[in-house]
Amino acid sequence: MTQDELKKMVGWAVLEYIMPNTVVGVGTGSTVSHFINGLATRKHLITGVVSSSSSSTYKLNELSIPILDSNYVNNIDIYIDGVDELNPSLMMIKGGGGALTQEKIIAAMAKQFIVIADKSKLVNTLGGFPLPIEVIPMARTYVSHQLIKLGGIPKYRKNVITDNGNIIIDVQNLKILDPINLENKINTIPGVVTVGLFANRPADIALLATQYGVQKLIAIN
Ligand code: 5RP
């Protein structure tokens, strides 16, 4: 199976977690795109979705899946999203698609958070994938200097403006041995909007596509 076929397999497999009359958080990316195709077959059963990005909103609208405003829902029952890197505690690096801020808000609002990916995303130590950080444009240089002090190599993601009007800095060279501590540290740098390290709020379940089927991981605490 190709990587895209693996993504499709897991994007459809997660549909068994979607219950009637629930509010579903929808992430961003190529794996989620398959999930949205599957969700379209259940759109009359659910209350609606909260979208994490303009690109997902575009696709949800194309398929006439009802979209709700996050400010007018009491809670999100389940959140389905992809991931860039995942460790065995289901802490993650996300934001390869630049939608990390809305993704983190939806993760915080959601009762259950399920990540879907092909198994290549599972690693022992996070940091191989450059850590995305959404930053207020005028703080780019200041934040970059603070990230160098933390041992990272910051790279400005050129020609990208987030849905919130900000920029993205991708940080290389981080071996993230204490993800909660690093998430908290980066969160305190003035100018940082969101760090794409999801450690304080890891996923509850990971569904990982392999050549032999979908493997389920539950967070070990
Ligand atoms: C977007 C994300 C995506 O979930 C992540 O980049 C994975 O994408 P894909 O499913 O295309 O591999 O965090 O901000």
# chains A, B, ... in the order shown; residues from 1 in each chain; ligands from 1
>>> residues_around(residues="range 97-104 of chain A", least_positions_apart="3", cutoff="8 Å", atoms="only C-alpha atoms", output="list in words")
Gly27, Thr28, Gly29, Ser52, Ser53, Lys94, Ala107, Ala108, Pro132, Glu134, Thr162, Asp163, Ile168, Val193, Thr194, Val195, Gly196 and Phe198 of chain A
>>> residues_around(residues="range 89-92 of chain A", least_positions_apart="3", cutoff="9 Å", atoms="only C-alpha atoms", output="PyMOL selection string")
chain A and resi 83-86+115+122+126+179-180+196-206+217-221
>>> residues_around(residues="Gly127 in chain A", least_positions_apart="6", cutoff="9 Å", atoms="only C-alpha atoms", output="PDB file with all heavy atoms, in the first residue's frame")
ATOM      1  N   GLU A  85       4.457  14.115  14.246  1.00  0.00           N
ATOM      2  CA  GLU A  85       5.273  13.155  15.006  1.00  0.00           C
ATOM      3  C   GLU A  85       4.545  12.845  16.301  1.00  0.00           C
ATOM      4  O   GLU A  85       3.953  13.731  16.917  1.00  0.00           O
ATOM      5  CB  GLU A  85       6.644  13.766  15.333  1.00  0.00           C
ATOM      6  CG  GLU A  85       7.791  12.981  14.807  1.00  0.00           C
ATOM      7  CD  GLU A  85       9.147  13.588  15.159  1.00  0.00           C
ATOM      8  OE1 GLU A  85       9.301  14.287  16.176  1.00  0.00           O
ATOM      9  OE2 GLU A  85      10.071  13.339  14.383  1.00  0.00           O
ATOM     10  N   ILE A  93       4.058  16.419  17.890  1.00  0.00           N
ATOM     11  CA  ILE A  93       4.368  17.644  17.145  1.00  0.00           C
ATOM     12  C   ILE A  93       3.305  17.758  16.057  1.00  0.00           C
ATOM     13  O   ILE A  93       3.049  16.785  15.330  1.00  0.00           O
ATOM     14  CB  ILE A  93       5.777  17.599  16.524  1.00  0.00           C
ATOM     15  CG1 ILE A  93       6.836  17.721  17.621  1.00  0.00           C
ATOM     16  CG2 ILE A  93       5.931  18.724  15.496  1.00  0.00           C
ATOM     17  CD1 ILE A  93       8.260  17.717  17.116  1.00  0.00           C
ATOM     18  N   VAL A 171      11.389  24.911  14.032  1.00  0.00           N
ATOM     19  CA  VAL A 171      12.629  24.789  14.805  1.00  0.00           C
ATOM     20  C   VAL A 171      13.229  23.393  14.629  1.00  0.00           C
ATOM     21  O   VAL A 171      12.609  22.382  14.989  1.00  0.00           O
ATOM     22  CB  VAL A 171      12.388  25.054  16.303  1.00  0.00           C
ATOM     23  CG1 VAL A 171      13.726  25.194  17.019  1.00  0.00           C
ATOM     24  CG2 VAL A 171      11.557  26.293  16.498  1.00  0.00           C
ATOM     25  N   GLN A 172      14.443  23.387  14.083  1.00  0.00           N
ATOM     26  CA  GLN A 172      15.163  22.122  13.896  1.00  0.00           C
ATOM     27  C   GLN A 172      16.125  21.902  15.053  1.00  0.00           C
ATOM     28  O   GLN A 172      16.365  22.803  15.849  1.00  0.00           O
ATOM     29  CB  GLN A 172      15.953  22.179  12.582  1.00  0.00           C
ATOM     30  CG  GLN A 172      15.054  22.350  11.378  1.00  0.00           C
ATOM     31  CD  GLN A 172      15.843  22.590  10.104  1.00  0.00           C
ATOM     32  OE1 GLN A 172      17.003  22.948  10.157  1.00  0.00           O
ATOM     33  NE2 GLN A 172      15.194  22.416   8.972  1.00  0.00           N
ATOM     34  N   ASN A 173      16.693  20.715  15.087  1.00  0.00           N
ATOM     35  CA  ASN A 173      17.766  20.373  16.028  1.00  0.00           C
ATOM     36  C   ASN A 173      17.304  20.243  17.476  1.00  0.00           C
ATOM     37  O   ASN A 173      18.087  20.404  18.387  1.00  0.00           O
ATOM     38  CB  ASN A 173      18.892  21.425  15.945  1.00  0.00           C
ATOM     39  CG  ASN A 173      20.188  20.926  16.530  1.00  0.00           C
ATOM     40  OD1 ASN A 173      20.567  19.790  16.270  1.00  0.00           O
ATOM     41  ND2 ASN A 173      20.860  21.727  17.331  1.00  0.00           N
ATOM     42  N   LEU A 174      16.044  19.942  17.677  1.00  0.00           N
ATOM     43  CA  LEU A 174      15.579  19.763  19.059  1.00  0.00           C
ATOM     44  C   LEU A 174      15.407  18.275  19.330  1.00  0.00           C
ATOM     45  O   LEU A 174      14.732  17.575  18.572  1.00  0.00           O
ATOM     46  CB  LEU A 174      14.235  20.468  19.269  1.00  0.00           C
ATOM     47  CG  LEU A 174      14.235  21.990  19.250  1.00  0.00           C
ATOM     48  CD1 LEU A 174      12.802  22.511  19.302  1.00  0.00           C
ATOM     49  CD2 LEU A 174      15.056  22.553  20.407  1.00  0.00           C
ATOM     50  N   LYS A 175      16.041  17.805  20.418  1.00  0.00           N
ATOM     51  CA  LYS A 175      15.780  16.438  20.868  1.00  0.00           C
ATOM     52  C   LYS A 175      14.909  16.636  22.105  1.00  0.00           C
ATOM     53  O   LYS A 175      15.402  17.065  23.162  1.00  0.00           O
ATOM     54  CB  LYS A 175      17.114  15.759  21.208  1.00  0.00           C
ATOM     55  CG  LYS A 175      16.978  14.283  21.380  1.00  0.00           C
ATOM     56  CD  LYS A 175      18.353  13.649  21.531  1.00  0.00           C
ATOM     57  CE  LYS A 175      18.175  12.159  21.814  1.00  0.00           C
ATOM     58  NZ  LYS A 175      19.389  11.563  22.342  1.00  0.00           N
ATOM     59  N   ILE A 176      13.630  16.378  21.960  1.00  0.00           N
ATOM     60  CA  ILE A 176      12.685  16.806  22.997  1.00  0.00           C
ATOM     61  C   ILE A 176      12.512  15.699  24.039  1.00  0.00           C
ATOM     62  O   ILE A 176      11.659  14.819  23.911  1.00  0.00           O
ATOM     63  CB  ILE A 176      11.348  17.235  22.360  1.00  0.00           C
ATOM     64  CG1 ILE A 176      11.615  18.300  21.283  1.00  0.00           C
ATOM     65  CG2 ILE A 176      10.390  17.761  23.427  1.00  0.00           C
ATOM     66  CD1 ILE A 176      10.408  18.726  20.493  1.00  0.00           C
ATOM     67  N   LEU A 177      13.330  15.760  25.084  1.00  0.00           N
ATOM     68  CA  LEU A 177      13.313  14.710  26.109  1.00  0.00           C
ATOM     69  C   LEU A 177      12.242  14.977  27.164  1.00  0.00           C
ATOM     70  O   LEU A 177      11.762  14.053  27.809  1.00  0.00           O
ATOM     71  CB  LEU A 177      14.698  14.603  26.765  1.00  0.00           C
ATOM     72  CG  LEU A 177      15.811  14.223  25.790  1.00  0.00           C
ATOM     73  CD1 LEU A 177      17.177  14.287  26.460  1.00  0.00           C
ATOM     74  CD2 LEU A 177      15.569  12.822  25.200  1.00  0.00           C
TER      75      LEU A 177
END
>>> closest_residue(among="A:Leu60, A:Ile116, A:Ile153, A:Ile65", to="ligand 1", atoms="only C-alpha atoms and all ligand atoms")
A:Ile116
>>> residues_around(residues="Leu6 in chain A", least_positions_apart="5", cutoff="10 Å", atoms="only C-alpha atoms", output="PyMOL selection string")
chain A and resi 1+11+31+117-119+208-211+213-214
>>> write_last_selection(atoms="C-alpha atoms", output="mmCIF file, in the first residue's frame")
data_model
loop_
_atom_site.group_PDB
_atom_site.id
_atom_site.type_symbol
_atom_site.label_atom_id
_atom_site.label_comp_id
_atom_site.auth_asym_id
_atom_site.auth_seq_id
_atom_site.Cartn_x
_atom_site.Cartn_y
_atom_site.Cartn_z
ATOM 1 C CA MET A 1 0.000 0.000 0.000
ATOM 2 C CA GLY A 11 -9.144 8.175 7.721
ATOM 3 C CA THR A 31 -5.038 12.240 6.367
ATOM 4 C CA ALA A 117 -1.706 8.661 10.838
ATOM 5 C CA ASP A 118 0.385 6.110 9.066
ATOM 6 C CA LYS A 119 2.742 4.365 11.474
ATOM 7 C CA LEU A 208 -1.941 4.066 13.074
ATOM 8 C CA ALA A 209 -2.180 2.526 9.630
ATOM 9 C CA THR A 210 0.215 -0.306 8.814
ATOM 10 C CA GLN A 211 0.443 -2.717 5.895
ATOM 11 C CA GLY A 213 -4.247 -3.046 9.240
ATOM 12 C CA VAL A 214 -4.961 -0.289 11.734
#
>>> residues_around(residues="range 15-23 of chain A", least_positions_apart="3", cutoff="8 Å", atoms="only C-alpha atoms", output="PyMOL selection string")
chain A and resi 11-12+35+38-39+45-50+75-78
>>> atom_distance(atom1="CA of Tyr79 in chain A", atom2="CA of Val24 in chain A")
5.7 Å
>>> atom_distance(atom1="CA of Ile189 in chain A", atom2="atom 8 (O, counted along the ligand's line) of ligand 1")
26.0 Å
>>> closest_residue(among="A:Lys185, A:Ser54, A:Glu62, A:Lys7", to="Ile161 in chain A", atoms="only C-alpha atoms")
A:Ser54
>>> decode(residues="range 162-200 of chain A", atoms="N, CA and C atoms", output="CSV table (one decimal), in the first residue's frame")
chain,number,residue,atom,x,y,z
A,162,THR,N,-0.6,32.5,8.5
A,162,THR,CA,-1.6,31.6,9.0
A,162,THR,C,-3.0,32.2,8.9
A,163,ASP,N,-4.0,31.4,9.2
A,163,ASP,CA,-5.4,31.8,9.1
A,163,ASP,C,-5.6,33.0,10.1
A,164,ASN,N,-4.7,33.1,11.1
A,164,ASN,CA,-4.8,34.2,12.1
A,164,ASN,C,-3.9,35.4,11.7
A,165,GLY,N,-3.3,35.4,10.6
A,165,GLY,CA,-2.5,36.6,10.1
A,165,GLY,C,-1.1,36.6,10.7
A,166,ASN,N,-0.6,35.4,11.2
A,166,ASN,CA,0.7,35.4,11.8
A,166,ASN,C,1.7,34.6,10.9
A,167,ILE,N,3.0,34.5,11.4
A,167,ILE,CA,4.0,33.7,10.7
A,167,ILE,C,4.3,32.4,11.4
A,168,ILE,N,5.0,31.5,10.7
A,168,ILE,CA,5.4,30.2,11.3
A,168,ILE,C,6.9,30.2,11.3
A,169,ILE,N,7.5,29.8,12.5
A,169,ILE,CA,8.9,29.5,12.6
A,169,ILE,C,9.0,28.0,12.9
A,170,ASP,N,9.8,27.3,12.1
A,170,ASP,CA,10.0,25.8,12.3
A,170,ASP,C,11.4,25.7,12.9
A,171,VAL,N,11.4,24.9,14.0
A,171,VAL,CA,12.6,24.8,14.8
A,171,VAL,C,13.2,23.4,14.6
A,172,GLN,N,14.4,23.4,14.1
A,172,GLN,CA,15.2,22.1,13.9
A,172,GLN,C,16.1,21.9,15.1
A,173,ASN,N,16.7,20.7,15.1
A,173,ASN,CA,17.8,20.4,16.0
A,173,ASN,C,17.3,20.2,17.5
A,174,LEU,N,16.0,19.9,17.7
A,174,LEU,CA,15.6,19.8,19.1
A,174,LEU,C,15.4,18.3,19.3
A,175,LYS,N,16.0,17.8,20.4
A,175,LYS,CA,15.8,16.4,20.9
A,175,LYS,C,14.9,16.6,22.1
A,176,ILE,N,13.6,16.4,22.0
A,176,ILE,CA,12.7,16.8,23.0
A,176,ILE,C,12.5,15.7,24.0
A,177,LEU,N,13.3,15.8,25.1
A,177,LEU,CA,13.3,14.7,26.1
A,177,LEU,C,12.2,15.0,27.2
A,178,ASP,N,11.9,16.2,27.3
A,178,ASP,CA,10.9,16.6,28.3
A,178,ASP,C,9.8,17.5,27.6
A,179,PRO,N,8.9,16.9,26.9
A,179,PRO,CA,8.0,17.7,26.1
A,179,PRO,C,7.1,18.7,26.9
A,180,ILE,N,6.7,18.3,28.1
A,180,ILE,CA,5.8,19.2,28.8
A,180,ILE,C,6.6,20.5,29.2
A,181,ASN,N,7.8,20.3,29.7
A,181,ASN,CA,8.7,21.4,30.1
A,181,ASN,C,9.0,22.3,28.9
A,182,LEU,N,9.3,21.7,27.7
A,182,LEU,CA,9.6,22.6,26.6
A,182,LEU,C,8.4,23.3,26.1
A,183,GLU,N,7.2,22.7,26.1
A,183,GLU,CA,6.0,23.3,25.7
A,183,GLU,C,5.7,24.5,26.6
A,184,ASN,N,5.9,24.3,27.9
A,184,ASN,CA,5.6,25.4,28.9
A,184,ASN,C,6.6,26.6,28.7
A,185,LYS,N,7.9,26.2,28.4
A,185,LYS,CA,8.9,27.2,28.2
A,185,LYS,C,8.7,28.1,27.0
A,186,ILE,N,8.4,27.4,25.9
A,186,ILE,CA,8.2,28.2,24.6
A,186,ILE,C,6.9,29.0,24.7
A,187,ASN,N,5.9,28.5,25.5
A,187,ASN,CA,4.7,29.3,25.6
A,187,ASN,C,4.9,30.6,26.3
A,188,THR,N,6.0,30.7,27.1
A,188,THR,CA,6.2,32.0,27.9
A,188,THR,C,7.0,33.0,27.1
A,189,ILE,N,7.4,32.7,25.9
A,189,ILE,CA,8.2,33.7,25.2
A,189,ILE,C,7.2,34.7,24.6
A,190,PRO,N,7.4,36.0,24.9
A,190,PRO,CA,6.5,37.0,24.3
A,190,PRO,C,6.6,36.9,22.8
A,191,GLY,N,5.4,37.0,22.1
A,191,GLY,CA,5.3,36.9,20.7
A,191,GLY,C,4.9,35.6,20.2
A,192,VAL,N,5.1,34.5,21.0
A,192,VAL,CA,4.7,33.2,20.6
A,192,VAL,C,3.2,33.1,20.8
A,193,VAL,N,2.5,32.7,19.7
A,193,VAL,CA,1.0,32.5,19.8
A,193,VAL,C,0.8,31.1,20.2
A,194,THR,N,1.4,30.2,19.6
A,194,THR,CA,1.2,28.7,19.9
A,194,THR,C,2.4,27.9,19.5
A,195,VAL,N,2.8,27.0,20.3
A,195,VAL,CA,3.8,26.1,19.9
A,195,VAL,C,3.2,24.7,19.5
A,196,GLY,N,3.6,24.2,18.5
A,196,GLY,CA,3.0,22.9,17.9
A,196,GLY,C,3.4,21.7,18.7
A,197,LEU,N,3.7,21.8,20.0
A,197,LEU,CA,4.0,20.7,20.8
A,197,LEU,C,2.8,20.4,21.7
A,198,PHE,N,2.2,19.3,21.5
A,198,PHE,CA,1.0,18.9,22.2
A,198,PHE,C,1.3,17.9,23.3
A,199,ALA,N,1.8,18.4,24.4
A,199,ALA,CA,2.3,17.5,25.5
A,199,ALA,C,1.4,17.7,26.7
A,200,ASN,N,1.0,18.9,27.1
A,200,ASN,CA,0.1,19.1,28.2
A,200,ASN,C,-1.3,18.4,27.9
